[in-house]
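Data file: input_34.txt. Format and content: compact mmCIF, C-alpha atoms.
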# COMPACT_ATOMS: atom_id res chain seq x y z
CA MET A 1 -2.43 90.25 70.37
CA ARG A 2 0.19 87.82 69.11
CA ALA A 3 3.78 88.76 69.83
CA ILE A 4 7.30 87.36 69.89
CA THR A 5 8.66 87.53 73.44
CA VAL A 6 11.78 86.81 75.46
CA ARG A 7 11.86 85.94 79.15
CA ASP A 8 15.24 84.31 79.85
CA ARG A 9 18.38 86.40 79.44
CA GLU A 10 20.64 83.34 79.60
CA ALA A 11 18.75 81.69 76.75
CA GLY A 12 19.12 84.77 74.56
CA ILE A 13 17.82 84.32 71.03
CA THR A 14 17.03 80.64 71.61
CA GLY A 15 14.43 81.78 74.16
CA LEU A 16 12.22 83.52 71.59
CA SER A 17 8.60 82.37 71.71
CA LEU A 18 5.26 83.30 70.15
CA GLU A 19 2.53 84.05 72.69
CA ASP A 20 -0.53 86.18 73.39
CA LEU A 21 -0.09 89.51 75.18
CA ALA A 22 -2.42 92.35 76.04
CA PRO A 23 -2.20 95.05 73.36
CA PRO A 24 -0.45 98.32 74.29
CA HIS A 25 -2.14 101.65 74.90
CA ALA A 26 -0.85 105.02 73.79
CA ALA A 27 0.81 107.08 76.52
CA GLU A 28 1.33 110.82 76.25
CA ASN A 29 2.88 111.76 72.88
CA ASP A 30 2.61 108.12 71.75
CA VAL A 31 0.87 106.39 68.91
CA VAL A 32 -0.18 102.76 68.70
CA LEU A 33 0.62 101.16 65.36
CA ARG A 34 -0.94 98.18 63.66
CA VAL A 35 2.35 96.56 62.68
CA HIS A 36 2.67 95.50 59.05
CA ALA A 37 6.38 94.64 59.01
CA ALA A 38 9.20 94.56 61.56
CA GLY A 39 12.96 94.17 61.61
CA PHE A 40 15.14 92.44 64.20
CA THR A 41 18.74 93.43 64.91
CA ARG A 42 21.10 90.52 65.49
CA GLY A 43 22.73 90.98 68.86
CA GLU A 44 20.05 93.19 70.42
CA LEU A 45 19.30 90.53 73.04
CA ASP A 46 22.88 90.93 74.28
CA TRP A 47 22.07 94.50 75.33
CA PRO A 48 20.56 95.42 78.74
CA ALA A 49 17.52 97.12 77.21
CA PRO A 50 15.40 94.02 76.43
CA TRP A 51 15.68 92.85 80.01
CA THR A 52 15.44 95.92 82.27
CA ASP A 53 13.80 99.33 82.16
CA ARG A 54 15.61 102.63 82.65
CA ALA A 55 15.45 102.17 86.42
CA GLY A 56 17.10 98.76 86.20
CA ARG A 57 13.92 96.79 86.98
CA ASP A 58 13.09 93.54 85.22
CA ARG A 59 10.63 94.12 82.39
CA THR A 60 10.21 90.65 80.94
CA PRO A 61 8.40 89.29 79.06
CA SER A 62 9.60 91.83 76.52
CA VAL A 63 9.04 92.10 72.78
CA PRO A 64 12.19 92.55 70.64
CA GLY A 65 12.55 94.06 67.18
CA HIS A 66 12.80 97.84 66.95
CA GLU A 67 12.32 98.61 63.26
CA VAL A 68 8.69 99.04 62.37
CA SER A 69 6.42 99.94 59.51
CA GLY A 70 2.69 100.11 59.98
CA VAL A 71 -0.49 102.16 60.27
CA VAL A 72 -1.49 104.50 63.10
CA LYS A 73 -4.45 103.07 65.06
CA GLU A 74 -4.48 105.17 68.23
CA LEU A 75 -3.16 108.58 69.28
CA GLY A 76 -2.02 109.37 72.81
CA TYR A 77 -2.75 112.59 74.66
CA GLY A 78 -0.80 115.50 73.21
CA THR A 79 0.31 113.62 70.10
CA THR A 80 0.63 115.87 67.07
CA GLY A 81 1.90 115.54 63.52
CA LEU A 82 0.36 112.12 62.81
CA THR A 83 -3.21 110.98 62.13
CA ILE A 84 -5.28 107.81 62.51
CA GLY A 85 -4.87 105.59 59.45
CA GLN A 86 -1.56 107.13 58.38
CA ARG A 87 1.23 104.90 57.06
CA VAL A 88 4.44 105.44 59.05
CA PHE A 89 7.78 103.80 59.76
CA GLY A 90 10.57 104.30 62.23
CA LEU A 91 12.64 103.22 65.19
CA THR A 92 11.02 102.20 68.48
CA ASP A 93 12.50 102.89 71.91
CA TRP A 94 15.12 100.28 72.93
CA THR A 95 13.79 100.13 76.51
CA ARG A 96 10.15 99.52 75.53
CA ASP A 97 8.45 96.61 73.80
CA GLY A 98 9.40 96.39 70.15
CA ALA A 99 7.66 95.65 66.88
CA LEU A 100 7.60 91.84 66.61
CA ALA A 101 3.93 91.98 67.54
CA GLU A 102 0.59 92.85 66.01
CA TYR A 103 0.58 96.23 67.78
CA VAL A 104 3.29 98.47 69.24
CA ALA A 105 3.29 101.79 71.12
CA VAL A 106 5.88 104.28 69.84
CA GLU A 107 6.74 107.90 70.55
CA ALA A 108 5.36 109.88 67.62
CA ARG A 109 8.62 111.81 67.19
CA ASN A 110 10.42 108.54 66.31
CA LEU A 111 8.20 107.92 63.27
CA ALA A 112 8.14 109.39 59.78
CA PRO A 113 5.36 109.33 57.17
CA LEU A 114 5.70 106.46 54.69
CA PRO A 115 4.88 107.23 51.04
CA ALA A 116 2.08 105.08 49.64
CA ASP A 117 4.31 103.57 46.96
CA ILE A 118 6.90 102.14 49.38
CA ASP A 119 6.09 98.65 50.66
CA HIS A 120 6.06 98.14 54.42
CA THR A 121 8.60 95.34 54.01
CA LEU A 122 11.18 97.70 52.50
CA ALA A 123 10.42 100.39 55.05
CA ALA A 124 10.97 98.04 57.99
CA ALA A 125 14.49 97.29 56.75
CA LEU A 126 15.51 100.95 56.67
CA PRO A 127 15.43 102.61 60.14
CA VAL A 128 18.35 101.00 62.00
CA SER A 129 20.54 100.41 58.96
CA GLY A 130 19.82 103.73 57.29
CA LEU A 131 20.09 105.93 60.36
CA THR A 132 23.20 104.12 61.60
CA ALA A 133 24.96 104.49 58.27
CA TRP A 134 24.07 108.19 57.97
CA GLN A 135 24.99 109.09 61.54
CA ALA A 136 28.30 107.21 61.34
CA LEU A 137 29.43 108.76 58.07
CA PHE A 138 28.15 112.31 58.32
CA ASP A 139 27.19 113.18 61.89
CA HIS A 140 30.19 111.54 63.57
CA ALA A 141 32.91 111.08 60.93
CA ARG A 142 31.94 114.25 58.99
CA LEU A 143 32.68 112.58 55.65
CA THR A 144 32.84 114.98 52.70
CA ALA A 145 33.24 114.77 48.93
CA GLY A 146 36.72 113.80 47.80
CA GLN A 147 37.61 111.91 50.96
CA THR A 148 38.21 108.15 51.14
CA VAL A 149 36.19 105.89 53.43
CA LEU A 150 36.77 102.22 54.20
CA ILE A 151 33.59 100.39 55.22
CA HIS A 152 33.88 97.03 56.96
CA GLY A 153 31.03 94.57 56.42
CA ALA A 154 30.02 96.42 53.28
CA ALA A 155 27.53 93.79 52.11
CA GLY A 156 25.58 93.76 55.39
CA GLY A 157 22.46 95.69 56.33
CA VAL A 158 24.29 98.77 57.62
CA GLY A 159 27.36 98.50 55.41
CA SER A 160 25.42 98.20 52.15
CA ILE A 161 23.57 101.44 52.84
CA ALA A 162 26.76 103.16 53.99
CA VAL A 163 28.43 102.29 50.67
CA GLN A 164 25.60 103.90 48.72
CA LEU A 165 25.39 107.02 50.89
CA ALA A 166 29.15 107.57 50.81
CA ARG A 167 29.30 107.14 47.03
CA ALA A 168 26.39 109.55 46.57
CA ALA A 169 28.23 112.11 48.73
CA GLY A 170 31.21 112.04 46.36
CA ALA A 171 33.58 109.99 48.52
CA ARG A 172 35.90 107.25 47.31
CA VAL A 173 34.55 104.03 48.83
CA ILE A 174 36.48 100.87 49.75
CA GLY A 175 34.30 98.02 50.99
CA THR A 176 35.42 94.92 52.85
CA GLY A 177 33.86 91.53 53.52
CA ARG A 178 34.00 87.88 52.57
CA SER A 179 35.17 86.91 49.09
CA THR A 180 31.58 86.00 48.14
CA ASP A 181 30.53 89.60 48.84
CA ARG A 182 32.81 91.16 46.22
CA ASP A 183 30.31 91.47 43.35
CA THR A 184 27.56 92.71 45.67
CA VAL A 185 29.70 95.45 47.19
CA LEU A 186 31.03 96.65 43.83
CA ASP A 187 27.49 96.64 42.41
CA LEU A 188 26.38 98.88 45.29
CA GLY A 189 28.89 101.47 44.16
CA ALA A 190 32.15 100.78 45.98
CA HIS A 191 35.26 101.74 44.01
CA ALA A 192 37.26 98.84 45.43
CA PHE A 193 36.74 95.68 47.50
CA LEU A 194 39.03 93.98 50.00
CA ASP A 195 38.67 90.39 51.19
CA LEU A 196 39.17 90.50 54.95
CA GLU A 197 40.48 86.92 54.97
CA ALA A 198 42.68 86.82 51.88
CA ASP A 199 43.79 90.38 51.08
CA ARG A 200 46.48 92.33 52.91
CA TRP A 201 44.04 95.16 53.53
CA GLU A 202 46.37 97.13 55.80
CA GLU A 203 48.46 97.80 52.68
CA THR A 204 45.65 99.68 50.95
CA GLY A 205 47.00 102.97 52.27
CA GLN A 206 45.57 105.40 54.76
CA VAL A 207 42.01 106.69 54.52
CA ASP A 208 40.06 109.62 55.96
CA VAL A 209 37.35 107.49 57.58
CA VAL A 210 37.00 103.88 58.68
CA PHE A 211 33.47 102.75 59.48
CA ASP A 212 33.46 99.46 61.42
CA VAL A 213 30.49 97.20 62.18
CA ILE A 214 32.50 94.10 63.15
CA GLY A 215 34.64 94.94 66.19
CA GLY A 216 37.34 92.77 67.74
CA GLU A 217 40.60 92.32 65.85
CA ILE A 218 39.23 94.03 62.73
CA LEU A 219 38.48 97.16 64.74
CA ASP A 220 41.88 97.13 66.44
CA ARG A 221 43.78 96.72 63.17
CA SER A 222 41.79 99.51 61.54
CA ALA A 223 43.22 102.27 63.72
CA ALA A 224 46.47 102.26 61.75
CA LEU A 225 44.58 102.91 58.51
CA VAL A 226 43.30 106.33 59.57
CA ARG A 227 45.38 109.26 58.35
CA ALA A 228 46.09 112.35 60.44
CA GLY A 229 42.89 114.20 61.24
CA GLY A 230 40.73 111.24 60.24
CA THR A 231 38.11 109.26 62.13
CA LEU A 232 37.56 105.64 63.13
CA VAL A 233 33.87 105.17 63.96
CA THR A 234 32.32 101.90 65.13
CA ILE A 235 28.99 100.51 66.29
CA ALA A 236 30.48 97.23 67.51
CA GLN A 237 32.20 98.17 70.78
CA PRO A 238 34.16 101.06 72.36
CA PRO A 239 37.53 101.13 70.55
CA THR A 240 40.69 100.35 72.49
CA ALA A 241 43.11 101.13 69.65
CA ARG A 242 43.10 104.70 68.39
CA PRO A 243 44.57 106.44 65.33
CA GLU A 244 47.87 108.11 66.09
CA ASP A 245 46.62 111.55 65.11
CA GLY A 246 42.89 111.11 64.67
CA ARG A 247 39.63 110.34 66.44
CA ALA A 248 38.07 107.02 67.46
CA LEU A 249 34.50 106.77 68.67
CA PHE A 250 31.66 104.36 69.37
CA PHE A 251 27.99 105.31 69.11
CA VAL A 252 24.45 103.91 69.30
CA VAL A 253 21.94 104.93 66.65
CA GLU A 254 19.34 107.55 67.57
CA PRO A 255 15.88 108.19 66.09
CA ASP A 256 15.62 111.03 63.58
CA ARG A 257 12.29 111.73 61.85
CA ASP A 258 13.68 114.17 59.29
CA ARG A 259 16.48 111.83 58.25
CA LEU A 260 14.05 108.93 57.92
CA GLY A 261 12.02 111.04 55.53
CA ASP A 262 15.13 111.77 53.46
CA LEU A 263 16.07 108.07 53.35
CA ALA A 264 12.54 107.16 52.26
CA GLU A 265 12.76 109.64 49.37
CA ARG A 266 16.10 108.15 48.30
CA LEU A 267 14.53 104.68 48.38
CA ARG A 268 11.50 105.90 46.49
CA ASP A 269 13.40 107.45 43.58
CA GLY A 270 15.97 104.67 43.23
CA ARG A 271 18.99 106.43 44.75
CA LEU A 272 19.04 103.87 47.59
CA ARG A 273 18.58 100.10 47.60
CA VAL A 274 17.78 97.95 50.62
CA ARG A 275 18.91 94.33 50.50
CA ILE A 276 16.04 92.05 51.60
CA GLY A 277 17.09 88.42 51.99
CA ALA A 278 13.91 86.85 53.36
CA VAL A 279 10.38 87.84 54.36
CA ARG A 280 8.53 85.56 56.77
CA PRO A 281 5.19 85.77 58.62
CA LEU A 282 5.00 86.34 62.36
CA ALA A 283 4.04 82.70 62.90
CA GLU A 284 7.43 81.64 61.50
CA ALA A 285 9.47 84.35 63.22
CA VAL A 286 10.93 82.15 65.97
CA ASP A 287 12.27 79.54 63.53
CA THR A 288 13.40 82.24 61.10
CA LEU A 289 15.32 84.34 63.61
CA THR A 290 16.97 81.42 65.41
CA THR A 291 18.28 79.65 62.31
CA LYS A 292 22.04 79.52 61.90
CA GLU A 293 21.76 79.65 58.12
CA ARG A 294 23.32 82.81 56.68
CA VAL A 295 20.86 84.69 54.48
CA PRO A 296 22.28 87.48 52.29
CA GLY A 297 20.33 90.64 53.05
CA ARG A 298 17.93 91.60 55.82
CA THR A 299 15.31 89.22 57.20
CA ILE A 300 11.99 91.00 57.70
CA ILE A 301 8.95 89.71 59.56
CA ARG A 302 5.65 90.52 57.86
CA VAL A 303 2.95 90.84 60.50
CA ALA A 304 -0.02 92.07 58.44
CA GLU A 305 -0.75 92.47 54.76
CA ASP A 306 -1.36 95.92 53.23

Please go through the file and, once you have read it, give me the structure as structure tokens.
Amino acid sequence: MRAITVRDREAGITGLSLEDLAPPHAAENDVVLRVHAAGFTRGELDWPAPWTDRAGRDRTPSVPGHEVSGVVKELGYGTTGLTIGQRVFGLTDWTRDGALAEYVAVEARNLAPLPADIDHTLAAALPVSGLTAWQALFDHARLTAGQTVLIHGAAGGVGSIAVQLARAAGARVIGTGRSTDRDTVLDLGAHAFLDLEADRWEETGQVDVVFDVIGGEILDRSAALVRAGGTLVTIAQPPTARPEDGRALFFVVEPDRDRLGDLAERLRDGRLRVRIGAVRPLAEAVDTLTTKERVPGRTIIRVAED
């Protein structure tokens, strides 16, 4: 099969290449998918998982990209709940080969059925962004109706979904980003927008929840915005600055079949929008993913046509 691989940790994203690999086989409780579309998370090659297995052994060449939408082609021993030919989407294991390939092996529990009227391209943009946004806001920060949440990077893949989910939950939403993101963030449902470069965003007043996807100085400065009993939650790095009388936590997204199904229904009936910036074939994936050009919205690699 054709696949995008990495072999050199020092090279990082510039070391992506397209090559031929042996196709995977389904282990116990696995399925093998014919990949139709895949998503790649910027920064995932900075993590240990693409380079070593759980025992710390080198596992290169490895295939990145852990958001997948495709069709079940093979069932492993003991696999239940899915059938050959079924359309599914989900999040693949970080420590196994990912979805930038014609076939991928995935634990069945990490996949959810994909309705026939949702395109694989849209589905592949949903798992990491959708699950991260949900888990940050509701599982970790316990956001409820009537509270105020400030979402950094509100026009990005995760932030744009977080804005919509928070607004739908009845929260007051403040989004931040570059000045060029203002109209996008407000159109997604934010009540207010703050320019991280030009506005004095610390003067906005205290909020119940800050959701950070940026890290660094932005994360540190955000601690002072959290009111007593509130939560600062981030996916960028473990926080060093903490709210005076609140919580601060860092987390990594986890698979969740039931939540994926809920997100798909929201997408299907128009309650949720996914921002797709570019769709490129697997043959162009290396050039597409290594470009320095900023593309608004997610870049998705289409591996096979429906």

Inset, instruction - Tell me, as a list in words, which residues lie within 9 Å of A:Val6, counting only C-alpha atoms; anything in the same chain fewer than 3 positions away does not count. - result: Arg9, Ala11, Gly12, Ile13, Thr14, Gly15, Leu16, Ser17, Leu45, Pro50, Trp51, Thr60, Pro61, Ser62, Val63 and Pro64 of chain A

Which residues of stretch 87-194 of chain A come within 8 Å of stretch 232-236 of chain A, and for each one, what is the closest pair of atoms and their distance in Å to one decimal, counting all atoms listed in the file, sorted by chain and residue number, as JSON lines?
{"residue": "A:Ala136", "atom": "CA", "partner": "A:Val233", "partner_atom": "CA", "distance": 6.5}
{"residue": "A:His140", "atom": "CA", "partner": "A:Val233", "partner_atom": "CA", "distance": 7.4}
{"residue": "A:Ala141", "atom": "CA", "partner": "A:Val233", "partner_atom": "CA", "distance": 6.7}

Legend entry - Residues near stretch 199-214 of chain A, cut-off 10 Å, all atoms listed in the file, skip fewer than 4 positions along chain, as a PyMOL selection string: chain A and resi 133+136-137+141-144+146-154+156+158-159+162+171-176+179+193-195+218-219+221-237+246-248+250

Inset, instruction - Name the closest residue to A:Gly43 among the candidates A:Gly270, A:Gly65, A:Pro113, A:Gly81; distances are taken between atoms, counting all atoms listed in the file. - result: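 Ranking A:Gly270, A:Gly65, A:Pro113, A:Gly81 by distance to A:Gly43, first place goes to A:Gly65.
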
Would you give me, as a Markdown table, each residue of stretch 46-161 of chain A having an atom within 12 Å of an atom of stretch 279-289 of chain A, along with its shortest atom pair and that distance in Å to one decimal, using only C-alpha atoms and sorting by chain and residue number?
| residue | atom | partner | partner_atom | distance |
| --- | --- | --- | --- | --- |
| A:Pro64 | CA | A:Leu289 | CA | 11.3 |
| A:Gly65 | CA | A:Leu289 | CA | 10.7 |
| A:Ala99 | CA | A:Leu282 | CA | 10.7 |
| A:Leu100 | CA | A:Leu282 | CA | 7.4 |
| A:Ala101 | CA | A:Leu282 | CA | 7.7 |
| A:Glu102 | CA | A:Leu282 | CA | 8.7 |
| A:His120 | CA | A:Val279 | CA | 11.2 |
| A:Thr121 | CA | A:Val279 | CA | 7.7 |
| A:Leu122 | CA | A:Val279 | CA | 10.1 |
| A:Ala124 | CA | A:Val279 | CA | 10.8 |
| A:Ala125 | CA | A:Val279 | CA | 10.6 |

Inset, instruction - In Å, rounded to a single decimal, give me how far atom CA of A:Ser129 is from atom CA of A:Phe89. - result: 13.2 Å

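Coordinates place atom CA of A:Trp134 at a distance of 7.3 Å from atom CA of A:Leu165.
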
Inset, instruction - Rank nothing, just name the residue among A:Asp256, A:Asp20, A:Asp181, A:Glu107 nearest to A:Val72, using all atoms listed in the file. - result: A:Glu107
